[in-house]
Amino acid sequence: MQDFEIQNTLAELCRTIGETPTDIKNIAESGSSRKYYRIFTRNGSIIGTYSDNIEENEAFFSFSRHFSEIGLNVPKILYANDKKDCYLQNDFGDDNLFAHVQKALKGKGYDEKLVRLYKLTLKHLVSFQCVGHQGLDYTKAYPSASFDRQAIIDDLNYFKYYFVKPHQEIVFNETRLNQDFEAFADFVSQAPNDFFMYRDFQSRNIMLKDGRPYFIDFQGGRKGPLPYDVVSLLYQGKAQMPQAIRDQLIDYY
């Protein structure tokens with residue numbers, strides 16, 4: 001669908017819920033194929049989204065509805081078109097946890113205020129993993145209902161094909177690396193996995209509004225082990241978190 005067609009569809013969705021669009025602006029694309037727009041209305045702003053991955057959209061709709069009903073800080077789906085490729089959701093603004101990390105790294109580093117934000121984020125993570133897990137319809141999960149052995153291998157291969165192989169200066173034995181992957185997958189598969197695994201729990205997906213964290217991009221979530229999301233957050237490479245801070249946050253979690 002062309003950009004102007006998407007914007008026209010989103011504008012019509014706004015009018016359907018009684019909002020009059022006054023302007024629509026593209027939001028910089030993320031690492032996915034989804035397209036985001038900020039729609040300005042007389043009453044504020046709304047996020048419009050386009051994605052032709054209908055199964056993934058349906059996972060997001062289902063998870064968002066469930067998490068909203070139990071009081072977790074997630075965007076509500078305000079309206080979707082019949083094709084389910086265009087939808088409206090709450091706008092939490094542009095401030096996110098990663099922006100605060102970048103500011104800290106340009107200044108004096110991680111301070112107590114930033115550590116408190118991380119602790120608050122981890123507290124909410126526990127709610128997602130344990131409370132959000134209860135009653136969640138995993139049949140809607142995309143692309144799989146659980147983080148099984150194949151998903152672990154897929155993650156490891158992502159590392160191989162998108163980090164190791166593109167860097168010719170990294171010399172490695174692919175056969176032995178694959179053997180390590182198999183052993184690692186066997187080990188990780190033994191971890192208890194009867195929890196909600198957010199899957200993409202990193203600082204860019206943690207929006208901050210009025211001092212409170214709000215959580216987006218959980219459509220890839222599934223049933224899985226607890227440590228995955230903690231590692232995603234605390235070992236995010238670009239966050240450059242000092243090990244002492246990381247240890248403190250792991251203890252808190």
# chains A, B, ... in the order shown; residues from 1 in each chain; ligands from 1
>>> closest_atom_pairs(of="region 90-198 of chain A", to="region 225-240 of chain A", cutoff="8 Å", atoms="only C-alpha atoms", output="JSON lines")
{"residue": "A:Phe98", "atom": "CA", "partner": "A:Ala239", "partner_atom": "CA", "distance": 7.3}
{"residue": "A:Val101", "atom": "CA", "partner": "A:Ala239", "partner_atom": "CA", "distance": 6.3}
{"residue": "A:Gln102", "atom": "CA", "partner": "A:Ala239", "partner_atom": "CA", "distance": 7.4}
{"residue": "A:Leu122", "atom": "CA", "partner": "A:Val230", "partner_atom": "CA", "distance": 7.8}
{"residue": "A:Gln129", "atom": "CA", "partner": "A:Leu226", "partner_atom": "CA", "distance": 7.1}
{"residue": "A:Phe147", "atom": "CA", "partner": "A:Pro225", "partner_atom": "CA", "distance": 7.8}
{"residue": "A:Ala191", "atom": "CA", "partner": "A:Pro225", "partner_atom": "CA", "distance": 6.1}
{"residue": "A:Pro192", "atom": "CA", "partner": "A:Pro225", "partner_atom": "CA", "distance": 5.6}
{"residue": "A:Asn193", "atom": "CA", "partner": "A:Pro225", "partner_atom": "CA", "distance": 4.0}
{"residue": "A:Asp194", "atom": "CA", "partner": "A:Pro225", "partner_atom": "CA", "distance": 6.8}
{"residue": "A:Phe195", "atom": "CA", "partner": "A:Pro225", "partner_atom": "CA", "distance": 6.2}
{"residue": "A:Phe196", "atom": "CA", "partner": "A:Pro225", "partner_atom": "CA", "distance": 7.7}
{"residue": "A:Met197", "atom": "CA", "partner": "A:Asp229", "partner_atom": "CA", "distance": 6.6}
{"residue": "A:Tyr198", "atom": "CA", "partner": "A:Asp229", "partner_atom": "CA", "distance": 6.4}
>>> write_last_selection(atoms="N, CA and C atoms", output="PDB file, in the first residue's frame")
ATOM      1  N   PHE A  98      15.888   4.584  26.420  1.00  0.00           N
ATOM      2  CA  PHE A  98      17.165   4.669  25.732  1.00  0.00           C
ATOM      3  C   PHE A  98      17.641   6.114  25.589  1.00  0.00           C
ATOM      4  N   VAL A 101      19.380   6.912  28.650  1.00  0.00           N
ATOM      5  CA  VAL A 101      20.687   6.250  28.667  1.00  0.00           C
ATOM      6  C   VAL A 101      21.684   7.056  27.837  1.00  0.00           C
ATOM      7  N   GLN A 102      21.276   7.483  26.653  1.00  0.00           N
ATOM      8  CA  GLN A 102      22.167   8.272  25.797  1.00  0.00           C
ATOM      9  C   GLN A 102      22.598   9.564  26.481  1.00  0.00           C
ATOM     10  N   LEU A 122      12.024  -3.016  35.574  1.00  0.00           N
ATOM     11  CA  LEU A 122      12.117  -4.430  35.942  1.00  0.00           C
ATOM     12  C   LEU A 122      10.912  -4.867  36.777  1.00  0.00           C
ATOM     13  N   GLN A 129       5.643 -10.878  33.011  1.00  0.00           N
ATOM     14  CA  GLN A 129       6.065 -12.275  32.951  1.00  0.00           C
ATOM     15  C   GLN A 129       5.158 -13.203  33.753  1.00  0.00           C
ATOM     16  N   PHE A 147       8.945 -20.311  23.203  1.00  0.00           N
ATOM     17  CA  PHE A 147      10.361 -20.192  22.851  1.00  0.00           C
ATOM     18  C   PHE A 147      10.973 -21.581  22.973  1.00  0.00           C
ATOM     19  N   ALA A 191      15.483 -24.656  30.907  1.00  0.00           N
ATOM     20  CA  ALA A 191      14.989 -23.619  31.828  1.00  0.00           C
ATOM     21  C   ALA A 191      13.461 -23.649  31.885  1.00  0.00           C
ATOM     22  N   PRO A 192      12.862 -23.449  33.071  1.00  0.00           N
ATOM     23  CA  PRO A 192      11.393 -23.358  33.161  1.00  0.00           C
ATOM     24  C   PRO A 192      10.884 -22.268  32.223  1.00  0.00           C
ATOM     25  N   ASN A 193       9.828 -22.560  31.477  1.00  0.00           N
ATOM     26  CA  ASN A 193       9.380 -21.590  30.467  1.00  0.00           C
ATOM     27  C   ASN A 193       7.888 -21.303  30.542  1.00  0.00           C
ATOM     28  N   ASP A 194       7.309 -21.470  31.702  1.00  0.00           N
ATOM     29  CA  ASP A 194       5.877 -21.210  31.852  1.00  0.00           C
ATOM     30  C   ASP A 194       5.637 -19.773  32.309  1.00  0.00           C
ATOM     31  N   PHE A 195       6.118 -18.834  31.499  1.00  0.00           N
ATOM     32  CA  PHE A 195       6.018 -17.401  31.775  1.00  0.00           C
ATOM     33  C   PHE A 195       5.811 -16.676  30.448  1.00  0.00           C
ATOM     34  N   PHE A 196       5.411 -15.402  30.523  1.00  0.00           N
ATOM     35  CA  PHE A 196       5.345 -14.605  29.304  1.00  0.00           C
ATOM     36  C   PHE A 196       6.730 -14.056  29.013  1.00  0.00           C
ATOM     37  N   MET A 197       7.203 -14.287  27.797  1.00  0.00           N
ATOM     38  CA  MET A 197       8.483 -13.752  27.347  1.00  0.00           C
ATOM     39  C   MET A 197       8.201 -12.626  26.362  1.00  0.00           C
ATOM     40  N   TYR A 198       8.530 -11.410  26.740  1.00  0.00           N
ATOM     41  CA  TYR A 198       8.239 -10.214  25.957  1.00  0.00           C
ATOM     42  C   TYR A 198       8.908 -10.269  24.586  1.00  0.00           C
TER      43      TYR A 198
END
>>> residues_around(residues="Asn81 (chain A)", least_positions_apart="4", cutoff="9 Å", atoms="only C-alpha atoms", output="ChimeraX atom specification")
/A:9-10,13,85-87
>>> write_last_selection(atoms="N, CA, C and O atoms", output="PDB file, in the first residue's frame")
ATOM      1  N   THR A   9      -6.386   5.955   4.852  1.00  0.00           N
ATOM      2  CA  THR A   9      -7.079   4.922   5.629  1.00  0.00           C
ATOM      3  C   THR A   9      -7.043   5.252   7.110  1.00  0.00           C
ATOM      4  O   THR A   9      -8.062   5.144   7.813  1.00  0.00           O
ATOM      5  N   LEU A  10      -5.888   5.670   7.603  1.00  0.00           N
ATOM      6  CA  LEU A  10      -5.761   6.006   9.021  1.00  0.00           C
ATOM      7  C   LEU A  10      -6.627   7.215   9.380  1.00  0.00           C
ATOM      8  O   LEU A  10      -7.242   7.259  10.452  1.00  0.00           O
ATOM      9  N   LEU A  13     -10.104   6.042   9.757  1.00  0.00           N
ATOM     10  CA  LEU A  13     -10.272   5.343  11.034  1.00  0.00           C
ATOM     11  C   LEU A  13     -10.447   6.346  12.171  1.00  0.00           C
ATOM     12  O   LEU A  13     -11.251   6.133  13.085  1.00  0.00           O
ATOM     13  N   ASP A  85      -4.854  -4.420   8.652  1.00  0.00           N
ATOM     14  CA  ASP A  85      -3.488  -3.999   8.331  1.00  0.00           C
ATOM     15  C   ASP A  85      -3.230  -2.548   8.719  1.00  0.00           C
ATOM     16  O   ASP A  85      -2.085  -2.081   8.683  1.00  0.00           O
ATOM     17  N   CYS A  86      -4.277  -1.820   9.108  1.00  0.00           N
ATOM     18  CA  CYS A  86      -4.147  -0.456   9.604  1.00  0.00           C
ATOM     19  C   CYS A  86      -4.892  -0.343  10.930  1.00  0.00           C
ATOM     20  O   CYS A  86      -6.027  -0.819  11.045  1.00  0.00           O
ATOM     21  N   TYR A  87      -4.246   0.275  11.918  1.00  0.00           N
ATOM     22  CA  TYR A  87      -4.911   0.404  13.210  1.00  0.00           C
ATOM     23  C   TYR A  87      -4.397   1.625  13.957  1.00  0.00           C
ATOM     24  O   TYR A  87      -3.323   2.173  13.649  1.00  0.00           O
TER      25      TYR A  87
END
>>> select_by_dssp(residues="region 68-214 of chain A", states="helix (DSSP H, G or I)", output="JSON, numbers by chain")
{"A": [68, 69, 97, 98, 99, 100, 101, 102, 103, 104, 105, 106, 112, 113, 114, 115, 116, 117, 118, 119, 120, 121, 122, 123, 124, 125, 126, 127, 128, 129, 130, 131, 138, 139, 140, 149, 150, 151, 152, 153, 154, 155, 156, 157, 158, 159, 160, 161, 162, 163, 164, 174, 175, 176, 177, 178, 179, 180, 181, 182, 183, 184, 185, 186, 187, 188, 203, 204, 205]}
>>> closest_residue(among="A:Ser189, A:Ser33, A:Ser203, A:Gln219", to="His100 (chain A)", atoms="only C-alpha atoms")
A:Ser203
>>> select_by_dssp(residues="region 16-68 of chain A", states="strand (DSSP E or B)", output="PyMOL selection string")
chain A and resi 21-27+35-41+44-50
>>> atom_distance(atom1="CA of Leu117 (chain A)", atom2="CA of Ile216 (chain A)")
16.4 Å
>>> residues_around(residues="Ala185 (chain A)", least_positions_apart="6", cutoff="12 Å", atoms="only C-alpha atoms", output="MDAnalysis selection string")
chainID A and resid 147:157 178:179 191
>>> write_last_selection(atoms="C-alpha atoms", output="PDB file, in the first residue's frame")
ATOM      1  CA  PHE A 147      10.361 -20.192  22.851  1.00  0.00           C
ATOM      2  CA  ASP A 148      11.248 -23.752  21.940  1.00  0.00           C
ATOM      3  CA  ARG A 149      14.524 -25.296  20.882  1.00  0.00           C
ATOM      4  CA  GLN A 150      14.074 -24.280  17.242  1.00  0.00           C
ATOM      5  CA  ALA A 151      13.491 -20.649  18.261  1.00  0.00           C
ATOM      6  CA  ILE A 152      16.725 -20.743  20.270  1.00  0.00           C
ATOM      7  CA  ILE A 153      18.641 -22.047  17.249  1.00  0.00           C
ATOM      8  CA  ASP A 154      17.029 -19.342  15.087  1.00  0.00           C
ATOM      9  CA  ASP A 155      18.242 -16.657  17.501  1.00  0.00           C
ATOM     10  CA  LEU A 156      21.766 -18.067  17.492  1.00  0.00           C
ATOM     11  CA  ASN A 157      21.810 -18.240  13.702  1.00  0.00           C
ATOM     12  CA  ASN A 178      27.186 -24.830  15.144  1.00  0.00           C
ATOM     13  CA  GLN A 179      28.112 -27.553  17.634  1.00  0.00           C
ATOM     14  CA  ALA A 191      14.989 -23.619  31.828  1.00  0.00           C
TER      15      ALA A 191
END
>>> closest_residue(among="A:Ala80, A:Ile170, A:Val164, A:Ala59", to="Ala11 (chain A)", atoms="only C-alpha atoms")
A:Ala80
>>> closest_residue(among="A:Gly107, A:Gly221, A:Pro21, A:Pro166", to="Phe128 (chain A)", atoms="only C-alpha atoms")
A:Gly221
>>> residues_around(residues="Glu12 (chain A)", least_positions_apart="3", cutoff="12 Å", atoms="only C-alpha atoms", output="ChimeraX atom specification")
/A:5-9,15-21,39,48,79-81,86-88
>>> closest_residue(among="A:Val126, A:Ile54, A:Met1, A:Val74", to="Asp217 (chain A)", atoms="only C-alpha atoms")
A:Val74
>>> closest_residue(among="A:Tyr50, A:Phe187, A:Tyr162, A:Phe67", to="His124 (chain A)", atoms="only C-alpha atoms")
A:Phe67
>>> residues_around(residues="Asn90 (chain A)", least_positions_apart="6", cutoff="6 Å", atoms="only C-alpha atoms", output="list in words")
Ile46, Ile47, Pro75 and Lys76 of chain A
>>> closest_residue(among="A:Asp200, A:Arg246, A:Thr121, A:Tyr158", to="Ser32 (chain A)", atoms="only C-alpha atoms")
A:Asp200
>>> residues_around(residues="region 137-140 of chain A", least_positions_apart="5", cutoff="9 Å", atoms="only C-alpha atoms", output="list in words")
Glu55, Glu56, Glu58, Ala59, Phe60, Ser62, Phe63, His66, Ala145, Ser146, Gly221, Arg222 and Lys223 of chain A
>>> atom_distance(atom1="CA of Ser144 (chain A)", atom2="CA of Ala183 (chain A)")
21.9 Å
